[in-house]
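data.csv, holding CSV, C-alpha atoms:
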```csv
chain,number,residue,atom,x,y,z
A,21,MET,CA,39.3,72.8,-34.5
A,22,LEU,CA,39.1,76.6,-34.7
A,23,GLU,CA,35.6,76.3,-36.2
A,24,ASP,CA,34.6,74.0,-33.4
A,25,CYS,CA,35.8,76.6,-30.9
A,26,LYS,CA,33.9,79.3,-32.7
A,27,ASN,CA,30.7,77.3,-32.7
A,28,ALA,CA,31.1,76.5,-29.0
A,29,GLN,CA,31.5,80.2,-28.2
A,30,GLU,CA,28.5,81.1,-30.3
A,31,ARG,CA,26.4,78.4,-28.7
A,32,TRP,CA,27.5,78.7,-25.0
A,33,GLY,CA,28.2,82.5,-25.3
A,34,GLY,CA,24.5,82.8,-25.8
A,35,VAL,CA,23.8,80.8,-22.7
A,36,HIS,CA,26.2,83.2,-20.8
A,37,GLN,CA,24.2,86.2,-22.1
A,38,LEU,CA,20.9,84.5,-21.2
A,39,ILE,CA,22.2,83.9,-17.6
A,40,ASP,CA,23.5,87.5,-17.4
A,41,ARG,CA,20.1,88.8,-18.4
A,42,TRP,CA,18.4,86.5,-16.0
A,43,LEU,CA,20.6,87.6,-13.1
A,44,ALA,CA,19.9,91.2,-14.0
A,45,GLU,CA,16.2,90.4,-13.7
A,46,ARG,CA,16.9,88.8,-10.3
A,47,ARG,CA,18.5,92.1,-9.2
A,48,ALA,CA,15.5,94.1,-10.4
A,49,LEU,CA,13.2,91.6,-8.6
A,50,LEU,CA,15.1,92.0,-5.3
A,51,THR,CA,15.1,95.8,-5.5
A,52,ASN,CA,11.3,95.7,-6.1
A,53,PHE,CA,10.9,93.2,-3.3
A,54,ARG,CA,12.8,95.4,-0.9
A,55,GLU,CA,10.8,98.4,-1.9
A,56,LEU,CA,7.5,96.5,-1.4
A,57,GLN,CA,8.7,95.3,2.0
A,58,GLU,CA,9.5,98.9,3.0
A,59,ALA,CA,6.2,100.2,1.8
A,60,CYS,CA,4.4,97.4,3.6
A,61,ASP,CA,6.3,98.3,6.8
A,62,ALA,CA,5.7,102.0,6.5
A,63,ASP,CA,1.9,101.9,5.8
A,64,LEU,CA,0.2,98.7,4.8
A,65,GLU,CA,-3.1,100.5,4.3
A,66,ALA,CA,-1.6,102.9,1.8
A,67,LEU,CA,-0.3,100.1,-0.3
A,68,ASN,CA,-2.2,99.6,-3.6
A,69,LYS,CA,-2.8,96.7,-5.9
A,70,ALA,CA,-0.7,98.3,-8.7
A,71,ARG,CA,2.4,98.1,-6.5
A,72,ILE,CA,1.8,94.5,-5.7
A,73,ASP,CA,1.0,93.7,-9.3
A,74,ALA,CA,4.3,95.2,-10.5
A,75,PHE,CA,6.2,93.0,-8.0
A,76,SER,CA,4.1,90.0,-8.9
A,77,GLU,CA,4.8,90.5,-12.6
A,78,LEU,CA,8.5,90.7,-12.1
A,79,LEU,CA,8.4,87.6,-9.9
A,80,MET,CA,6.4,85.6,-12.4
A,81,ASP,CA,8.6,86.7,-15.3
A,82,TYR,CA,11.7,85.7,-13.3
A,83,ILE,CA,10.3,82.3,-12.4
A,84,SER,CA,9.1,81.7,-16.0
A,85,ALA,CA,12.5,82.6,-17.5
A,86,GLY,CA,14.2,80.1,-15.2
A,87,HIS,CA,11.8,77.3,-16.0
A,88,PHE,CA,11.4,77.9,-19.7
A,89,GLU,CA,14.6,79.5,-20.9
A,90,VAL,CA,17.5,79.1,-18.4
A,91,TYR,CA,17.1,75.6,-17.0
A,92,PRO,CA,16.6,73.9,-20.3
A,93,GLN,CA,19.7,75.7,-21.7
A,94,LEU,CA,21.7,74.6,-18.8
A,95,ARG,CA,20.5,71.0,-19.2
A,96,ALA,CA,21.3,71.1,-22.9
A,97,GLU,CA,24.8,72.3,-22.1
A,98,ALA,CA,25.4,69.5,-19.6
A,99,GLU,CA,24.0,67.0,-22.1
A,100,ALA,CA,26.3,68.4,-24.8
A,101,PHE,CA,29.3,67.8,-22.5
A,102,ASP,CA,28.0,64.4,-21.5
A,103,ASP,CA,28.1,65.5,-17.9
A,104,ASN,CA,25.9,62.9,-16.2
A,105,ALA,CA,26.8,64.0,-12.7
A,106,ALA,CA,25.7,67.6,-13.5
A,107,LEU,CA,22.5,66.2,-15.0
A,108,ALA,CA,21.8,64.2,-11.9
A,109,LEU,CA,22.4,67.3,-9.7
A,110,ALA,CA,20.1,69.3,-12.0
A,111,ASP,CA,17.3,66.8,-11.5
A,112,SER,CA,17.7,67.0,-7.8
A,113,LEU,CA,17.9,70.8,-7.6
A,114,LEU,CA,15.0,71.3,-10.0
A,115,GLN,CA,12.7,69.2,-7.8
A,116,ARG,CA,13.7,71.4,-4.9
A,117,LEU,CA,13.0,74.5,-7.0
A,118,ASP,CA,9.5,73.3,-7.7
A,119,MET,CA,8.6,74.0,-4.0
A,120,SER,CA,9.4,77.7,-4.3
A,121,THR,CA,7.7,77.9,-7.7
A,122,GLU,CA,4.5,76.6,-5.9
A,123,LEU,CA,5.0,79.3,-3.3
A,124,VAL,CA,5.2,82.0,-6.0
A,125,LEU,CA,2.1,80.7,-7.8
A,126,ALA,CA,0.2,80.7,-4.5
A,127,PHE,CA,1.2,84.3,-3.9
A,128,ASP,CA,0.2,85.3,-7.4
A,129,GLU,CA,-3.2,83.6,-6.9
A,130,ASP,CA,-3.8,85.3,-3.5
A,131,TYR,CA,-3.0,88.8,-4.9
A,132,GLY,CA,-4.1,88.4,-8.5
A,133,SER,CA,-7.5,89.9,-8.4
A,134,ALA,CA,-8.6,93.2,-6.7
A,135,THR,CA,-11.0,91.3,-4.4
A,136,ARG,CA,-8.5,88.7,-3.3
A,137,CYS,CA,-5.8,91.4,-2.9
A,138,GLU,CA,-8.0,93.4,-0.6
A,139,TYR,CA,-9.0,90.3,1.3
A,140,TYR,CA,-5.4,89.2,1.8
A,141,MET,CA,-3.8,92.6,2.3
A,142,SER,CA,-3.4,92.1,6.1
A,143,ARG,CA,-1.5,88.9,5.4
A,144,LEU,CA,1.0,90.6,3.0
A,145,PRO,CA,3.8,91.1,5.6
A,146,ALA,CA,3.7,87.4,6.5
A,147,TRP,CA,3.5,86.5,2.7
A,148,LEU,CA,6.6,88.6,2.1
A,149,ASP,CA,8.5,86.9,4.9
A,150,ARG,CA,7.6,83.5,3.4
A,151,LEU,CA,8.6,84.6,0.0
A,152,GLN,CA,11.9,86.0,1.3
A,153,LYS,CA,12.8,82.6,2.8
A,154,GLY,CA,11.6,80.7,-0.4
A,155,LEU,CA,13.4,83.0,-2.8
A,156,THR,CA,16.6,82.9,-0.7
A,157,GLU,CA,16.7,79.2,-1.0
A,158,ARG,CA,15.7,79.4,-4.7
A,159,PHE,CA,18.6,81.7,-5.5
A,160,SER,CA,21.0,79.5,-3.8
A,161,LEU,CA,19.8,76.5,-5.7
A,162,GLU,CA,19.9,78.4,-9.0
A,163,ASP,CA,23.4,79.6,-8.3
A,164,ARG,CA,24.5,75.9,-7.8
A,165,LEU,CA,22.8,75.0,-11.1
A,166,ILE,CA,24.7,77.8,-12.9
A,167,GLY,CA,27.9,76.9,-11.2
A,168,ARG,CA,27.7,73.2,-12.0
A,169,LEU,CA,25.9,73.1,-15.3
A,170,HIS,CA,27.4,76.2,-17.0
A,171,ALA,CA,30.5,77.6,-15.3
A,172,ALA,CA,32.1,74.1,-15.1
A,173,HIS,CA,31.8,73.9,-18.9
A,174,ALA,CA,32.9,77.5,-19.7
A,175,PRO,CA,36.1,77.7,-21.8
A,176,ASP,CA,37.9,79.6,-19.1
A,177,ALA,CA,36.9,77.1,-16.4
A,178,ALA,CA,39.0,74.3,-17.7
A,179,SER,CA,42.1,76.5,-18.0
A,180,ALA,CA,41.5,78.0,-14.6
A,181,GLU,CA,41.2,74.6,-13.0
A,182,LEU,CA,44.5,73.5,-14.6
A,183,HIS,CA,46.3,76.5,-13.3
A,184,ALA,CA,44.7,76.3,-9.9
A,185,GLY,CA,45.1,72.5,-9.7
A,186,SER,CA,41.6,72.1,-8.5
A,187,SER,CA,38.7,70.0,-9.7
A,188,PRO,CA,35.2,71.2,-10.6
A,189,ARG,CA,32.9,71.7,-7.6
A,190,ALA,CA,29.5,70.1,-7.4
```
Encoding of this model in structure tokens:
Amino acid sequence: MLEDCKNAQERWGGVHQLIDRWLAERRALLTNFRELQEACDADLEALNKARIDAFSELLMDYISAGHFEVYPQLRAEAEAFDDNAALALADSLLQRLDMSTELVLAFDEDYGSATRCEYYMSRLPAWLDRLQKGLTERFSLEDRLIGRLHAAHAPDAASAELHAGSSPRA
């Protein structure tokens, strides 16, 4: 039994570290986003492609980490716990996440080349407003995924629920 506990900690402790790293990337993305918005508001004409590229790279890295690292690990964890309700929720939320992924990909396409960036520069403030709305919803959905697919299965969650007398939240 102790060995099973150790294996579970090794397995799901890695998921916890992955999520922590991903959330740190989210904070860096948000900081960069806010700085880009401020620069855009201060002097749109002075904004250069390198600044937009730095933001876009963080954005694409964050989205990719979610789709190719975090979400699959969360699903695997729910599958290991035979949590069908969590898997159903994950399927629903992942479909909704695809909408903001498409938004991010469209932004990257519009500002990916120097020519397109120059052409679309006047639209950047509107793009940032759209991204802010899309990312706000995305982060909320991702937080629900983490809460339902990971936190509900964390070793401390079961004991906390017993002590609090509550049930897991969807």
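If all atoms listed in the file are the atoms counted, then among A:Glu122, A:Asp63, A:Asp111, A:Asp81 the closest residue to Trp42 (chain A) is A:Asp81.
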What is the CA of Leu107 (chain A) to CA of Arg95 (chain A) distance in Å?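 Interatomic distance, CA of Leu107 (chain A) to CA of Arg95 (chain A): 6.7 Å.
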Protein, DNA and RNA residues within 12 Å of (-1.3, 101.2, -1.4), all atoms listed in the file, as a PyMOL selection string: chain A and resi 56+58-73+137-138+141-142+144
Which residues are close to Leu169 (chain A), i.e. within 8 Å by all atoms listed in the file, leaving aside same-chain residues fewer than 5 positions away? Reply as a ChimeraX atom specification. /A:94-95,97-98,106-107,110
Writer output for current selection, C-alpha atoms, as a short mmCIF file (atom, residue, chain, number, x, y, z; two decimals), in the frame of the given file:
```cif
data_model
loop_
_atom_site.label_atom_id
_atom_site.label_comp_id
_atom_site.auth_asym_id
_atom_site.auth_seq_id
_atom_site.Cartn_x
_atom_site.Cartn_y
_atom_site.Cartn_z
CA LEU A 94 21.70 74.60 -18.80
CA ARG A 95 20.50 71.00 -19.20
CA GLU A 97 24.80 72.30 -22.10
CA ALA A 98 25.40 69.50 -19.60
CA ALA A 106 25.70 67.60 -13.50
CA LEU A 107 22.50 66.20 -15.00
CA ALA A 110 20.10 69.30 -12.00
#
```
Between CA of Leu43 (chain A) and CA of Asp130 (chain A) - distance in Å to one decimal: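 Separation of CA of Asp130 (chain A) and CA of Leu43 (chain A): 26.3 Å.
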Calculated over all atoms listed in the file, which of the candidates A:Val90, A:Leu125, A:Leu114, A:Leu165 has the smallest distance to Asp40 (chain A)? A:Val90
Could you pull the residues within 12 Å of Asp128 (chain A), counting all atoms listed in the file, minus those fewer than 2 positions along the same chain, as an MDAnalysis selection string? chainID A and resid 69 72:81 83 121:126 130:134 136:137 140 144 147:148 151
Given the choices A:Val35, A:Leu109, A:Ala100, A:Ala146, which gets closest to Glu162 (chain A) if the distance is worked out from only C-alpha atoms?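 Answer, going by the shortest atom-to-atom distance: A:Leu109.
The closest residue to Leu117 (chain A), picked from A:Ala85, A:Ile166, A:Leu49, A:Leu161 and counting only C-alpha atoms, is A:Leu161.
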Could you work out an axis-aligned bounding box for all listed atoms of region 83-101 of chain A, with 5 Å added on each of the six sides, and give its centre and edge lengths in Å to one decimal, as lines of an AutoDock Vina configuration file?
```
center_x = 19.2
center_y = 74.8
center_z = -18.6
size_x = 30.2
size_y = 25.6
size_z = 22.4
```
Polymer residues at most 12 Å from Glu157 (chain A), only C-alpha atoms, same-chain spacing of 2 or more positions, as a PyMOL selection string: chain A and resi 113+116-121+123+150-155+159-164
Restricting the calculation to only C-alpha atoms: of A:Tyr91, A:Gln57, A:Asn52, A:Asp102, which residue gets closest to Leu38 (chain A)?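 Of all the options, A:Tyr91 lies closest to Leu38 (chain A).
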Could you please determine the separation between CA of Glu45 (chain A) and CA of Ala105 (chain A) in Å, to one decimal place? 28.5 Å
